[in-house]
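Structure file work37.pdb (PDB, C-alpha atoms) is printed below.
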```
ATOM      1  CA  MET A 209       3.077  38.034 -14.860
ATOM      2  CA  GLN A 210       4.199  34.746 -16.390
ATOM      3  CA  TRP A 211       0.635  33.946 -17.507
ATOM      4  CA  GLN A 212       0.282  37.339 -19.218
ATOM      5  CA  TRP A 213       3.697  36.971 -20.880
ATOM      6  CA  GLU A 214       2.905  33.505 -22.233
ATOM      7  CA  PHE A 215      -0.552  34.560 -23.414
ATOM      8  CA  LEU A 216       1.003  37.422 -25.384
ATOM      9  CA  PHE A 217       3.199  34.992 -27.323
ATOM     10  CA  GLU A 218       0.404  32.447 -27.610
ATOM     11  CA  LYS A 219      -1.720  34.975 -29.469
ATOM     12  CA  LYS A 220       1.232  35.947 -31.657
ATOM     13  CA  TYR A 221       2.025  32.392 -32.725
ATOM     14  CA  LEU A 222      -1.589  31.355 -33.169
ATOM     15  CA  ARG A 223      -2.284  34.289 -35.470
ATOM     16  CA  SER A 224      -0.587  32.464 -38.339
ATOM     17  CA  SER A 225      -1.513  28.889 -37.355
ATOM     18  CA  SER A 226      -4.029  26.732 -39.210
ATOM     19  CA  PHE A 227      -5.265  24.896 -36.106
ATOM     20  CA  LEU A 228      -4.375  24.100 -32.516
ATOM     21  CA  THR A 229      -4.257  20.988 -30.354
ATOM     22  CA  SER A 230      -4.687  20.355 -26.642
ATOM     23  CA  VAL A 231      -4.729  17.442 -24.215
ATOM     24  CA  ASP A 232      -8.386  17.062 -23.223
ATOM     25  CA  PRO A 233     -11.703  17.839 -24.920
ATOM     26  CA  LEU A 234     -12.842  20.535 -22.489
ATOM     27  CA  LEU A 235      -9.602  22.496 -22.793
ATOM     28  CA  THR A 236      -9.580  21.999 -26.544
ATOM     29  CA  ALA A 237     -13.083  23.458 -26.861
ATOM     30  CA  LYS A 238     -12.201  26.480 -24.711
ATOM     31  CA  LEU A 239      -8.988  27.232 -26.627
ATOM     32  CA  GLY A 240     -10.680  26.792 -29.997
ATOM     33  CA  LYS A 241     -13.381  29.258 -29.016
ATOM     34  CA  LEU A 242     -10.913  31.701 -27.468
ATOM     35  CA  HIS A 243      -8.700  31.842 -30.560
ATOM     36  CA  ASN A 244     -11.412  31.170 -33.157
ATOM     37  CA  LYS A 245      -9.400  28.300 -34.641
ATOM     38  CA  PRO A 246     -10.113  24.647 -35.446
ATOM     39  CA  ALA A 247      -9.021  22.644 -32.406
ATOM     40  CA  TYR A 248      -8.253  18.950 -31.929
ATOM     41  CA  THR A 249      -7.618  16.764 -28.882
ATOM     42  CA  PHE A 250      -4.583  14.511 -28.542
ATOM     43  CA  TYR A 251      -4.180  12.936 -25.122
ATOM     44  CA  ASN A 252      -0.920  12.835 -23.132
ATOM     45  CA  GLY A 253      -1.287   9.070 -23.041
ATOM     46  CA  PHE A 254       1.076   6.340 -21.864
ATOM     47  CA  GLU A 255       4.062   4.527 -23.360
ATOM     48  CA  GLU A 256       2.900   0.943 -22.856
ATOM     49  CA  LEU A 257       0.808  -1.228 -20.556
ATOM     50  CA  SER A 258       2.620  -3.074 -17.793
ATOM     51  CA  PRO A 259       2.467  -6.885 -17.821
ATOM     52  CA  VAL A 260      -0.448  -8.461 -15.965
ATOM     53  CA  LYS A 261       0.485  -8.975 -12.304
ATOM     54  CA  THR A 262      -0.876 -11.145  -9.519
ATOM     55  CA  ASP A 263      -3.742  -9.472  -7.675
ATOM     56  CA  THR A 264      -2.324  -7.801  -4.544
ATOM     57  CA  SER A 265      -5.567  -8.614  -2.709
ATOM     58  CA  LYS A 266      -4.072 -12.074  -2.163
ATOM     59  CA  LYS A 267      -1.406 -10.507   0.041
ATOM     60  CA  ASP A 268      -1.894  -9.774   3.734
ATOM     61  CA  LEU A 269      -2.918  -6.416   5.153
ATOM     62  CA  PRO A 270      -2.377  -3.512   5.123
ATOM     63  CA  LEU A 271      -4.611  -2.245   2.366
ATOM     64  CA  THR A 272      -2.292   0.057   0.404
ATOM     65  CA  PHE A 273      -3.096   3.282  -1.401
ATOM     66  CA  CYS A 274      -0.471   5.107  -3.440
ATOM     67  CA  TYR A 275      -0.195   8.623  -4.813
ATOM     68  CA  SER A 276       2.777   9.381  -7.033
ATOM     69  CA  GLY A 277       4.012  12.749  -8.245
ATOM     70  CA  THR A 278       3.156  16.375  -7.693
ATOM     71  CA  LEU A 279       0.355  17.300  -5.311
ATOM     72  CA  TYR A 280      -1.172  20.572  -6.507
ATOM     73  CA  PRO A 281      -3.096  23.105  -4.382
ATOM     74  CA  GLY A 282      -6.322  22.220  -6.212
ATOM     75  CA  HIS A 283      -6.025  18.511  -5.428
ATOM     76  CA  GLN A 284      -8.493  17.592  -2.709
ATOM     77  CA  ALA A 285      -6.169  15.482  -0.583
ATOM     78  CA  GLU A 286      -7.890  16.644   2.596
ATOM     79  CA  LEU A 287     -10.928  14.517   1.752
ATOM     80  CA  LEU A 288      -8.778  11.384   1.983
ATOM     81  CA  LEU A 289      -6.986  12.578   5.110
ATOM     82  CA  GLN A 290     -10.266  13.452   6.847
ATOM     83  CA  ALA A 291     -11.786  10.066   6.041
ATOM     84  CA  VAL A 292      -8.797   8.217   7.528
ATOM     85  CA  LYS A 293      -8.764  10.497  10.567
ATOM     86  CA  GLU A 294     -12.445   9.870  11.314
ATOM     87  CA  LEU A 295     -12.060   6.111  10.888
ATOM     88  CA  HIS A 296      -9.050   6.111  13.208
ATOM     89  CA  GLN A 297     -10.747   8.234  15.875
ATOM     90  CA  SER A 298     -13.789   5.948  15.852
ATOM     91  CA  GLY A 299     -11.570   2.882  16.294
ATOM     92  CA  ALA A 300     -12.740   1.410  12.989
ATOM     93  CA  ILE A 301      -9.207   1.010  11.580
ATOM     94  CA  THR A 302      -5.612   0.727  12.762
ATOM     95  CA  PRO A 303      -2.287   1.520  11.041
ATOM     96  CA  ALA A 304      -1.775  -2.224  10.583
ATOM     97  CA  GLU A 305      -4.780  -2.255   8.241
ATOM     98  CA  LEU A 306      -4.125   0.755   6.015
ATOM     99  CA  LYS A 307      -1.073   2.480   4.510
ATOM    100  CA  ILE A 308      -0.957   5.481   2.171
ATOM    101  CA  HIS A 309       2.220   6.132   0.166
ATOM    102  CA  PHE A 310       2.913   9.608  -1.217
ATOM    103  CA  ILE A 311       5.783   9.065  -3.641
ATOM    104  CA  GLY A 312       7.942  12.132  -4.263
ATOM    105  CA  LEU A 313       5.964  14.378  -1.908
ATOM    106  CA  GLU A 314       9.016  15.414   0.133
ATOM    107  CA  PHE A 315      10.428  17.181  -2.928
ATOM    108  CA  TYR A 316       7.700  19.824  -2.411
ATOM    109  CA  PRO A 317       8.038  21.113   1.189
ATOM    110  CA  GLU A 318       4.786  23.088   1.213
ATOM    111  CA  GLN A 319       2.696  20.169  -0.027
ATOM    112  CA  HIS A 320       4.567  17.759   2.228
ATOM    113  CA  GLN A 321       3.683  19.897   5.225
ATOM    114  CA  ARG A 322       0.095  20.054   4.003
ATOM    115  CA  VAL A 323      -0.149  16.263   4.285
ATOM    116  CA  ALA A 324       2.237  15.528   7.167
ATOM    117  CA  GLY A 325       0.862  18.374   9.263
ATOM    118  CA  TYR A 326      -2.820  17.585   8.755
ATOM    119  CA  SER A 327      -3.082  15.528  11.940
ATOM    120  CA  PRO A 328      -0.464  13.809  14.136
ATOM    121  CA  GLU A 329      -2.876  10.865  14.417
ATOM    122  CA  LEU A 330      -2.300  10.067  10.729
ATOM    123  CA  ASN A 331       1.496   9.794  10.891
ATOM    124  CA  ALA A 332       1.339   6.039  11.412
ATOM    125  CA  TYR A 333      -0.813   5.630   8.277
ATOM    126  CA  ILE A 334       1.162   7.830   5.885
ATOM    127  CA  GLU A 335       4.563   7.224   4.314
ATOM    128  CA  THR A 336       6.231   9.867   2.141
ATOM    129  CA  THR A 337       9.369   9.768   0.015
ATOM    130  CA  LYS A 338      11.672  12.056  -1.872
ATOM    131  CA  ARG A 339      11.758  11.733  -5.638
ATOM    132  CA  LEU A 340      12.531   8.148  -6.534
ATOM    133  CA  PRO A 341      14.041   6.565  -9.645
ATOM    134  CA  ARG A 342      11.295   5.680 -12.091
ATOM    135  CA  ASP A 343      11.684   1.911 -11.748
ATOM    136  CA  GLN A 344      11.527   2.133  -7.949
ATOM    137  CA  ALA A 345       8.417   4.319  -8.064
ATOM    138  CA  LYS A 346       6.780   1.913 -10.510
ATOM    139  CA  ARG A 347       7.443  -1.004  -8.169
ATOM    140  CA  LEU A 348       5.705   0.802  -5.304
ATOM    141  CA  MET A 349       2.763   1.624  -7.552
ATOM    142  CA  ASN A 350       2.506  -1.924  -8.866
ATOM    143  CA  ASP A 351       2.530  -3.320  -5.325
ATOM    144  CA  SER A 352      -0.321  -1.031  -4.223
ATOM    145  CA  ASP A 353      -3.968  -2.025  -4.104
ATOM    146  CA  PHE A 354      -5.285   1.292  -5.426
ATOM    147  CA  LEU A 355      -3.630   4.301  -7.051
ATOM    148  CA  ILE A 356      -5.070   7.602  -5.882
ATOM    149  CA  VAL A 357      -5.971  10.234  -8.467
ATOM    150  CA  PHE A 358      -7.159  13.522  -6.966
ATOM    151  CA  SER A 359      -9.561  15.644  -8.957
ATOM    152  CA  ASP A 360      -9.087  19.413  -9.111
ATOM    153  CA  ARG A 361     -11.486  21.481  -7.019
ATOM    154  CA  TRP A 362     -11.548  24.334  -9.545
ATOM    155  CA  THR A 363     -11.792  22.779 -12.995
ATOM    156  CA  PRO A 364     -12.229  19.315 -14.572
ATOM    157  CA  VAL A 365      -8.931  18.068 -16.042
ATOM    158  CA  LEU A 366      -7.350  14.791 -17.095
ATOM    159  CA  PRO A 367      -4.138  14.704 -15.028
ATOM    160  CA  SER A 368      -1.142  13.100 -16.713
ATOM    161  CA  LYS A 369      -0.896  10.830 -13.662
ATOM    162  CA  MET A 370      -4.109   9.155 -14.796
ATOM    163  CA  TYR A 371      -2.387   7.674 -17.841
ATOM    164  CA  GLU A 372       0.480   6.297 -15.785
ATOM    165  CA  SER A 373      -2.053   4.712 -13.444
ATOM    166  CA  VAL A 374      -3.915   3.102 -16.342
ATOM    167  CA  ALA A 375      -0.636   1.805 -17.794
ATOM    168  CA  SER A 376       0.235   0.139 -14.471
ATOM    169  CA  ARG A 377      -3.007  -1.906 -14.631
ATOM    170  CA  ARG A 378      -3.617  -1.156 -10.950
ATOM    171  CA  PRO A 379      -7.142   0.116 -10.213
ATOM    172  CA  VAL A 380      -7.401   3.843  -9.599
ATOM    173  CA  LEU A 381      -9.427   5.551  -6.889
ATOM    174  CA  ILE A 382     -10.729   8.979  -7.880
ATOM    175  CA  VAL A 383     -10.972  11.328  -4.876
ATOM    176  CA  PRO A 384     -13.467  12.901  -5.285
ATOM    177  CA  GLY A 385     -15.259  12.263  -8.572
ATOM    178  CA  ASP A 386     -15.487  15.311 -10.856
ATOM    179  CA  HIS A 387     -18.798  14.434 -12.567
ATOM    180  CA  SER A 388     -16.952  15.180 -15.792
ATOM    181  CA  ILE A 389     -14.136  13.942 -18.031
ATOM    182  CA  LEU A 390     -12.150  12.162 -15.301
ATOM    183  CA  ASP A 391     -15.152  10.115 -14.181
ATOM    184  CA  GLU A 392     -16.006   9.407 -17.825
ATOM    185  CA  MET A 393     -12.554   7.987 -18.558
ATOM    186  CA  VAL A 394     -12.560   5.773 -15.468
ATOM    187  CA  ASN A 395     -15.991   4.396 -16.355
ATOM    188  CA  GLU A 396     -15.110   3.974 -20.035
ATOM    189  CA  LEU A 397     -11.963   1.965 -19.277
ATOM    190  CA  GLN A 398     -13.319   0.165 -16.195
ATOM    191  CA  ALA A 399     -10.154   1.536 -14.633
ATOM    192  CA  GLY A 400     -11.175   1.860 -11.004
ATOM    193  CA  ALA A 401     -13.545   3.285  -8.418
ATOM    194  CA  ILE A 402     -14.909   6.762  -7.715
ATOM    195  CA  VAL A 403     -15.950   8.304  -4.402
ATOM    196  CA  TYR A 404     -17.646  11.653  -3.942
ATOM    197  CA  SER A 405     -17.601  12.331  -0.203
ATOM    198  CA  VAL A 406     -15.829  11.568   3.064
ATOM    199  CA  GLU A 407     -18.589   9.127   4.029
ATOM    200  CA  GLU A 408     -18.337   7.244   0.718
ATOM    201  CA  LEU A 409     -14.575   7.017   1.107
ATOM    202  CA  LYS A 410     -14.850   5.745   4.680
ATOM    203  CA  ASN A 411     -17.232   3.007   3.554
ATOM    204  CA  PHE A 412     -14.931   2.164   0.637
ATOM    205  CA  ILE A 413     -11.897   1.792   2.930
ATOM    206  CA  LEU A 414     -13.769  -0.409   5.407
ATOM    207  CA  GLU A 415     -15.139  -2.624   2.631
ATOM    208  CA  LYS A 416     -11.719  -3.084   1.002
ATOM    209  CA  ILE A 417     -10.033  -3.845   4.327
ATOM    210  CA  ARG A 418     -12.688  -6.500   4.982
ATOM    211  CA  ALA A 419     -12.222  -7.923   1.466
ATOM    212  CA  LYS A 420      -8.445  -8.043   1.834
ATOM    213  CA  LYS A 421      -8.691  -9.812   5.172
ATOM    214  CA  ASN A 422     -10.729 -12.476   3.398
ATOM    215  CA  HIS A 423      -8.389 -12.529   0.362
ATOM    216  CA  GLU A 424     -11.218 -11.476  -1.941
ATOM    217  CA  THR A 425     -10.749  -9.635  -5.220
ATOM    218  CA  LEU A 426     -10.651  -5.909  -4.437
ATOM    219  CA  PHE A 427     -11.893  -4.574  -7.754
ATOM    220  CA  GLU A 428     -13.861  -5.953 -10.689
ATOM    221  CA  PRO A 429     -14.125  -5.724 -13.671
ATOM    222  CA  LYS A 430     -10.573  -5.643 -15.004
ATOM    223  CA  LEU A 431      -9.198  -2.847 -17.165
ATOM    224  CA  ASP A 432     -10.715  -2.767 -20.670
ATOM    225  CA  VAL A 433      -7.415  -3.116 -22.518
ATOM    226  CA  GLU A 434      -8.862  -2.585 -25.994
ATOM    227  CA  ARG A 435     -10.344   0.773 -25.020
ATOM    228  CA  ALA A 436      -7.285   1.709 -22.970
ATOM    229  CA  MET A 437      -4.976   1.295 -25.965
ATOM    230  CA  ARG A 438      -6.700   4.243 -27.595
ATOM    231  CA  TYR A 439      -4.758   6.375 -25.101
ATOM    232  CA  SER A 440      -1.348   4.919 -25.897
ATOM    233  CA  ARG A 441       1.115   7.477 -27.230
ATOM    234  CA  GLU A 442       1.674   5.320 -30.275
ATOM    235  CA  ASN A 443      -2.018   5.495 -31.135
ATOM    236  CA  GLN A 444      -2.207   9.215 -30.378
ATOM    237  CA  ALA A 445       0.785   9.802 -32.693
ATOM    238  CA  LYS A 446      -0.971   7.855 -35.446
ATOM    239  CA  GLU A 447      -4.119   9.940 -35.018
ATOM    240  CA  PHE A 448      -2.067  13.137 -35.159
ATOM    241  CA  ALA A 449      -0.268  11.939 -38.285
ATOM    242  CA  SER A 450      -3.636  11.097 -39.845
ATOM    243  CA  LEU A 451      -4.919  14.590 -39.088
ATOM    244  CA  LEU A 452      -1.819  16.209 -40.603
ATOM    245  CA  LYS A 453      -2.189  14.062 -43.693
ATOM    246  CA  SER A 454      -5.860  14.910 -44.128
ATOM    247  CA  LEU A 455      -5.294  18.639 -43.624
ATOM    248  CA  SER A 456      -2.356  18.615 -46.009
ATOM    249  CA  GLY A 457      -4.525  16.907 -48.626
ATOM    250  CA  ASN A 458      -7.268  19.455 -48.165
ATOM    251  CA  SER A 459      -4.884  22.379 -48.518
ATOM    252  CA  SER A 460      -3.344  20.932 -51.694
ATOM    253  CA  ARG A 461      -6.728  20.917 -53.323
TER     254      ARG A 461
END
```
What does the file become when written as structure tokens?
Amino acid sequence: MQWQWEFLFEKKYLRSSSFLTSVDPLLTAKLGKLHNKPAYTFYNGFEELSPVKTDTSKKDLPLTFCYSGTLYPGHQAELLLQAVKELHQSGAITPAELKIHFIGLEFYPEQHQRVAGYSPELNAYIETTKRLPRDQAKRLMNDSDFLIVFSDRWTPVLPSKMYESVASRRPVLIVPGDHSILDEMVNELQAGAIVYSVEELKNFILEKIRAKKNHETLFEPKLDVERAMRYSRENQAKEFASLLKSLSGNSSR
């Protein structure tokens, strides 16, 4: 009902608009075609990049993954949970070697139960929190080895969490890769790693635990800062202002 109500007003407002904007190129193309309007992409982006921090791979185990924010039904968290479960059952890992933080998950009881109730064997690996103050959440993210970004099983999207992960300068881990815009951004920015299956993720976890035991660098190359700055909100605002200026000039002629 809400979707139908909003779509009714969307059509009403767009009837008199000159163009529309959206937050990723796939959605922009669909909306432009749907409404037969010029459409432009302006990304959600990030405020600023965090200062460069010491590589957490120099710290002792456990290897730490972190997911912050809302877990949606389409997010394929079960792939991560299944990989950890299989590694645990085979004796390949212990809770002393791997920790997964879900920041803010307890604020959403259904999604919390989805993770906490997946398997009792995983309770020693998983830590969840209620919503935390932003600075506290950022500290947990910055102290993690990899920041998890789940792709959506139904449609390729660029989650807003991706920009926060890029801004933190911690490498992301896409679970699983979407073979689309999310993978493209990660590869473009050299922002992290991508896995596509439970087996790939199991191998990734084992390799990173081994590397951390040996105090090796966990991810190379480093974030491409020059390319990443394209997604800053300051730059996106400048691009939007430039578009408005160009369209205003065209209309005046």
Quiz item: When the PyMOL selection byres ((chain A and resi 406) around 10) is applied to the file above, which residues end up in the set, as a list in words?
Solution: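 Those residues are Glu286, Leu287, Leu288, Leu289, Gln290, Ala291, Val292, Glu294, Val383, Pro384, Val403, Tyr404, Ser405, Glu407, Glu408, Leu409, Lys410, Asn411 and Phe412 of chain A.
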Selection file, C-alpha atoms, as a PDB file, in the coordinates of the input:
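Written out: out.pdb:
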```pdb
ATOM      1  CA  GLU A 286      -7.890  16.644   2.596  1.00  0.00           C
ATOM      2  CA  LEU A 287     -10.928  14.517   1.752  1.00  0.00           C
ATOM      3  CA  LEU A 288      -8.778  11.384   1.983  1.00  0.00           C
ATOM      4  CA  LEU A 289      -6.986  12.578   5.110  1.00  0.00           C
ATOM      5  CA  GLN A 290     -10.266  13.452   6.847  1.00  0.00           C
ATOM      6  CA  ALA A 291     -11.786  10.066   6.041  1.00  0.00           C
ATOM      7  CA  VAL A 292      -8.797   8.217   7.528  1.00  0.00           C
ATOM      8  CA  GLU A 294     -12.445   9.870  11.314  1.00  0.00           C
ATOM      9  CA  VAL A 383     -10.972  11.328  -4.876  1.00  0.00           C
ATOM     10  CA  PRO A 384     -13.467  12.901  -5.285  1.00  0.00           C
ATOM     11  CA  VAL A 403     -15.950   8.304  -4.402  1.00  0.00           C
ATOM     12  CA  TYR A 404     -17.646  11.653  -3.942  1.00  0.00           C
ATOM     13  CA  SER A 405     -17.601  12.331  -0.203  1.00  0.00           C
ATOM     14  CA  GLU A 407     -18.589   9.127   4.029  1.00  0.00           C
ATOM     15  CA  GLU A 408     -18.337   7.244   0.718  1.00  0.00           C
ATOM     16  CA  LEU A 409     -14.575   7.017   1.107  1.00  0.00           C
ATOM     17  CA  LYS A 410     -14.850   5.745   4.680  1.00  0.00           C
ATOM     18  CA  ASN A 411     -17.232   3.007   3.554  1.00  0.00           C
ATOM     19  CA  PHE A 412     -14.931   2.164   0.637  1.00  0.00           C
TER      20      PHE A 412
END
```
Taking all atoms of range 400-419 of chain A that the file lists and extending 3 Å past them on each side, where is the centre of the axis-aligned box and how long are its edges? Answer in Å to one decimal, as AutoDock Vina command-line options.
```
--center_x -14.3 --center_y 2.2 --center_z -2.8 --size_x 14.6 --size_y 26.3 --size_z 22.4
```
Self-check item: Test item: the PyMOL selection byres ((chain A and resi 369) around 10) resolved as an MDAnalysis selection string
Solution: chainID A and resid 252:254 275:278 355:358 366:368 370:375
Quiz prompt | Residue contacts of Tyr251 in chain A (7 Å, all atoms listed in the file) excluding same-chain residues fewer than 4 positions away, as number ranges by chain | solution = A: 231-232, 439, 444
Self-check item: Nearest residue to Thr302 in chain A from the set A:Gly400, A:Pro281, A:Pro270, A:Gly325 (distances using all atoms listed in the file)
Solution: A:Pro270
Quiz item: Between A:Val394, A:Leu414, A:Val380, A:Leu313, which is the closest to Phe427 in chain A once you count only C-alpha atoms?
Solution: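 For Phe427 in chain A, the nearest of the given residues is A:Val380.
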Quiz item: What is the distance, in Å and to one decimal place, between CA of Glu428 in chain A and CA of Arg378 in chain A?
Solution: 11.3 Å
Practice problem: For the structure provided, state which residues fall under the PyMOL selection byres ((chain A and resi 312) around 8), and present them as an NGL selection string. | Solution: :A and (276-278 or 310-311 or 313-316 or 336-340)
Quiz item: At what distance in Å, to one decimal, does CA of Tyr280 in chain A lie from CA of Pro317 in chain A?
Solution: 12.0 Å
Practice problem: Give me, please, the distance in Å between CA of Ala419 in chain A and CA of Ile389 in chain A, quoted to one decimal. | Solution: 29.4 Å
Exercise. Have a look at A:Ala300, A:Leu426, A:Cys274, A:Val433 and name the one nearest to Leu348 in chain A; count all atoms listed in the file.
Key: A:Cys274
Practice problem: Rank A:Gln284, A:Ser224, A:Thr236, A:Asn422 by their smallest atom-to-atom distance to Asp386 in chain A, using only C-alpha atoms, and report the top residue only. | Solution: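 Checking each of A:Gln284, A:Ser224, A:Thr236, A:Asn422 against Asp386 in chain A, counting only C-alpha atoms, the winner is A:Gln284.
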Self-check item: Residue with smallest distance to Thr363 in chain A - pool A:Lys241, A:Arg322, A:Lys261, A:His283, counting all atoms listed in the file
Solution: A:His283
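In this comparison, which uses all atoms listed in the file, the residue of A:Leu295, A:Glu415, A:Glu396, A:Leu279 approaching His320 in chain A most closely is A:Leu279.
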Practice problem: Tell me which protein, DNA and RNA residues are within 8 Å of Ser230 in chain A, counting only C-alpha atoms, leaving out same-chain ones fewer than 2 positions away, and put them as a ChimeraX atom specification. | Solution: /A:228,232-233,235-236,247-251
Can those selected residues be exported to a file as a compact mmCIF listing (two decimals), keeping the file's coordinate frame so that it contains C-alpha atoms?
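Output file part-v6.txt follows:
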```
# COMPACT_ATOMS: atom_id res chain seq x y z
CA LEU A 228 -4.38 24.10 -32.52
CA ASP A 232 -8.39 17.06 -23.22
CA PRO A 233 -11.70 17.84 -24.92
CA LEU A 235 -9.60 22.50 -22.79
CA THR A 236 -9.58 22.00 -26.54
CA ALA A 247 -9.02 22.64 -32.41
CA TYR A 248 -8.25 18.95 -31.93
CA THR A 249 -7.62 16.76 -28.88
CA PHE A 250 -4.58 14.51 -28.54
CA TYR A 251 -4.18 12.94 -25.12
```
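If you count all atoms listed in the file and ignore residues fewer than 6 places along the chain from Gln297 in chain A, what sits within 12 Å of it is Gln290, Ala291, Pro303, Ser327, Pro328, Glu329 and Leu330 of chain A.
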Quiz item: Leaving out Phe273 in chain A and any residue of its chain fewer than 2 positions from it, which residues lie within 7 Å of it when counting only C-alpha atoms, given as a ChimeraX atom specification?
Solution: /A:271,275,307-309,352-356
Range 410-417 of chain A dumped to file, all heavy atoms, as a short mmCIF file (atom, residue, chain, number, x, y, z; two decimals), in the first residue's frame:
```cif
data_model
loop_
_atom_site.label_atom_id
_atom_site.label_comp_id
_atom_site.auth_asym_id
_atom_site.auth_seq_id
_atom_site.Cartn_x
_atom_site.Cartn_y
_atom_site.Cartn_z
N LYS A 410 35.47 -19.66 2.75
CA LYS A 410 36.22 -20.50 3.67
C LYS A 410 37.72 -20.40 3.41
O LYS A 410 38.51 -20.24 4.34
CB LYS A 410 35.76 -21.97 3.54
CG LYS A 410 34.39 -22.23 4.15
CD LYS A 410 33.79 -23.54 3.67
CE LYS A 410 34.61 -24.74 4.05
NZ LYS A 410 33.96 -26.01 3.62
N ASN A 411 38.11 -20.45 2.14
CA ASN A 411 39.52 -20.34 1.79
C ASN A 411 40.07 -18.95 2.15
O ASN A 411 41.21 -18.82 2.62
CB ASN A 411 39.72 -20.60 0.30
CG ASN A 411 39.47 -22.05 -0.07
OD1 ASN A 411 39.61 -22.95 0.76
ND2 ASN A 411 39.09 -22.29 -1.32
N PHE A 412 39.23 -17.93 1.96
CA PHE A 412 39.64 -16.56 2.29
C PHE A 412 39.91 -16.44 3.79
O PHE A 412 40.94 -15.89 4.21
CB PHE A 412 38.54 -15.59 1.87
CG PHE A 412 38.85 -14.15 2.15
CD1 PHE A 412 39.52 -13.36 1.23
CD2 PHE A 412 38.45 -13.56 3.35
CE1 PHE A 412 39.82 -12.04 1.49
CE2 PHE A 412 38.74 -12.23 3.62
CZ PHE A 412 39.41 -11.47 2.69
N ILE A 413 39.00 -16.96 4.61
CA ILE A 413 39.15 -16.88 6.06
C ILE A 413 40.41 -17.61 6.52
O ILE A 413 41.20 -17.08 7.32
CB ILE A 413 37.90 -17.46 6.76
CG1 ILE A 413 36.69 -16.56 6.53
CG2 ILE A 413 38.15 -17.64 8.26
CD1 ILE A 413 35.37 -17.15 6.98
N LEU A 414 40.63 -18.81 6.01
CA LEU A 414 41.81 -19.58 6.40
C LEU A 414 43.09 -18.86 6.01
O LEU A 414 44.07 -18.83 6.78
CB LEU A 414 41.76 -20.97 5.77
CG LEU A 414 40.68 -21.92 6.31
CD1 LEU A 414 40.66 -23.20 5.51
CD2 LEU A 414 40.90 -22.21 7.79
N GLU A 415 43.12 -18.29 4.80
CA GLU A 415 44.31 -17.58 4.33
C GLU A 415 44.58 -16.35 5.18
O GLU A 415 45.74 -16.07 5.54
CB GLU A 415 44.13 -17.18 2.87
CG GLU A 415 45.17 -16.22 2.33
CD GLU A 415 46.60 -16.74 2.44
OE1 GLU A 415 46.80 -17.98 2.50
OE2 GLU A 415 47.53 -15.90 2.49
N LYS A 416 43.54 -15.60 5.55
CA LYS A 416 43.75 -14.38 6.34
C LYS A 416 44.13 -14.70 7.79
O LYS A 416 44.89 -13.95 8.41
CB LYS A 416 42.51 -13.50 6.27
CG LYS A 416 42.16 -13.02 4.86
CD LYS A 416 43.36 -12.42 4.14
CE LYS A 416 43.05 -12.09 2.70
NZ LYS A 416 44.24 -11.59 1.96
N ILE A 417 43.60 -15.79 8.32
CA ILE A 417 44.02 -16.20 9.67
C ILE A 417 45.50 -16.58 9.64
O ILE A 417 46.28 -16.19 10.53
CB ILE A 417 43.16 -17.38 10.17
CG1 ILE A 417 41.75 -16.88 10.53
CG2 ILE A 417 43.81 -18.04 11.39
CD1 ILE A 417 40.80 -17.98 10.94
#
```
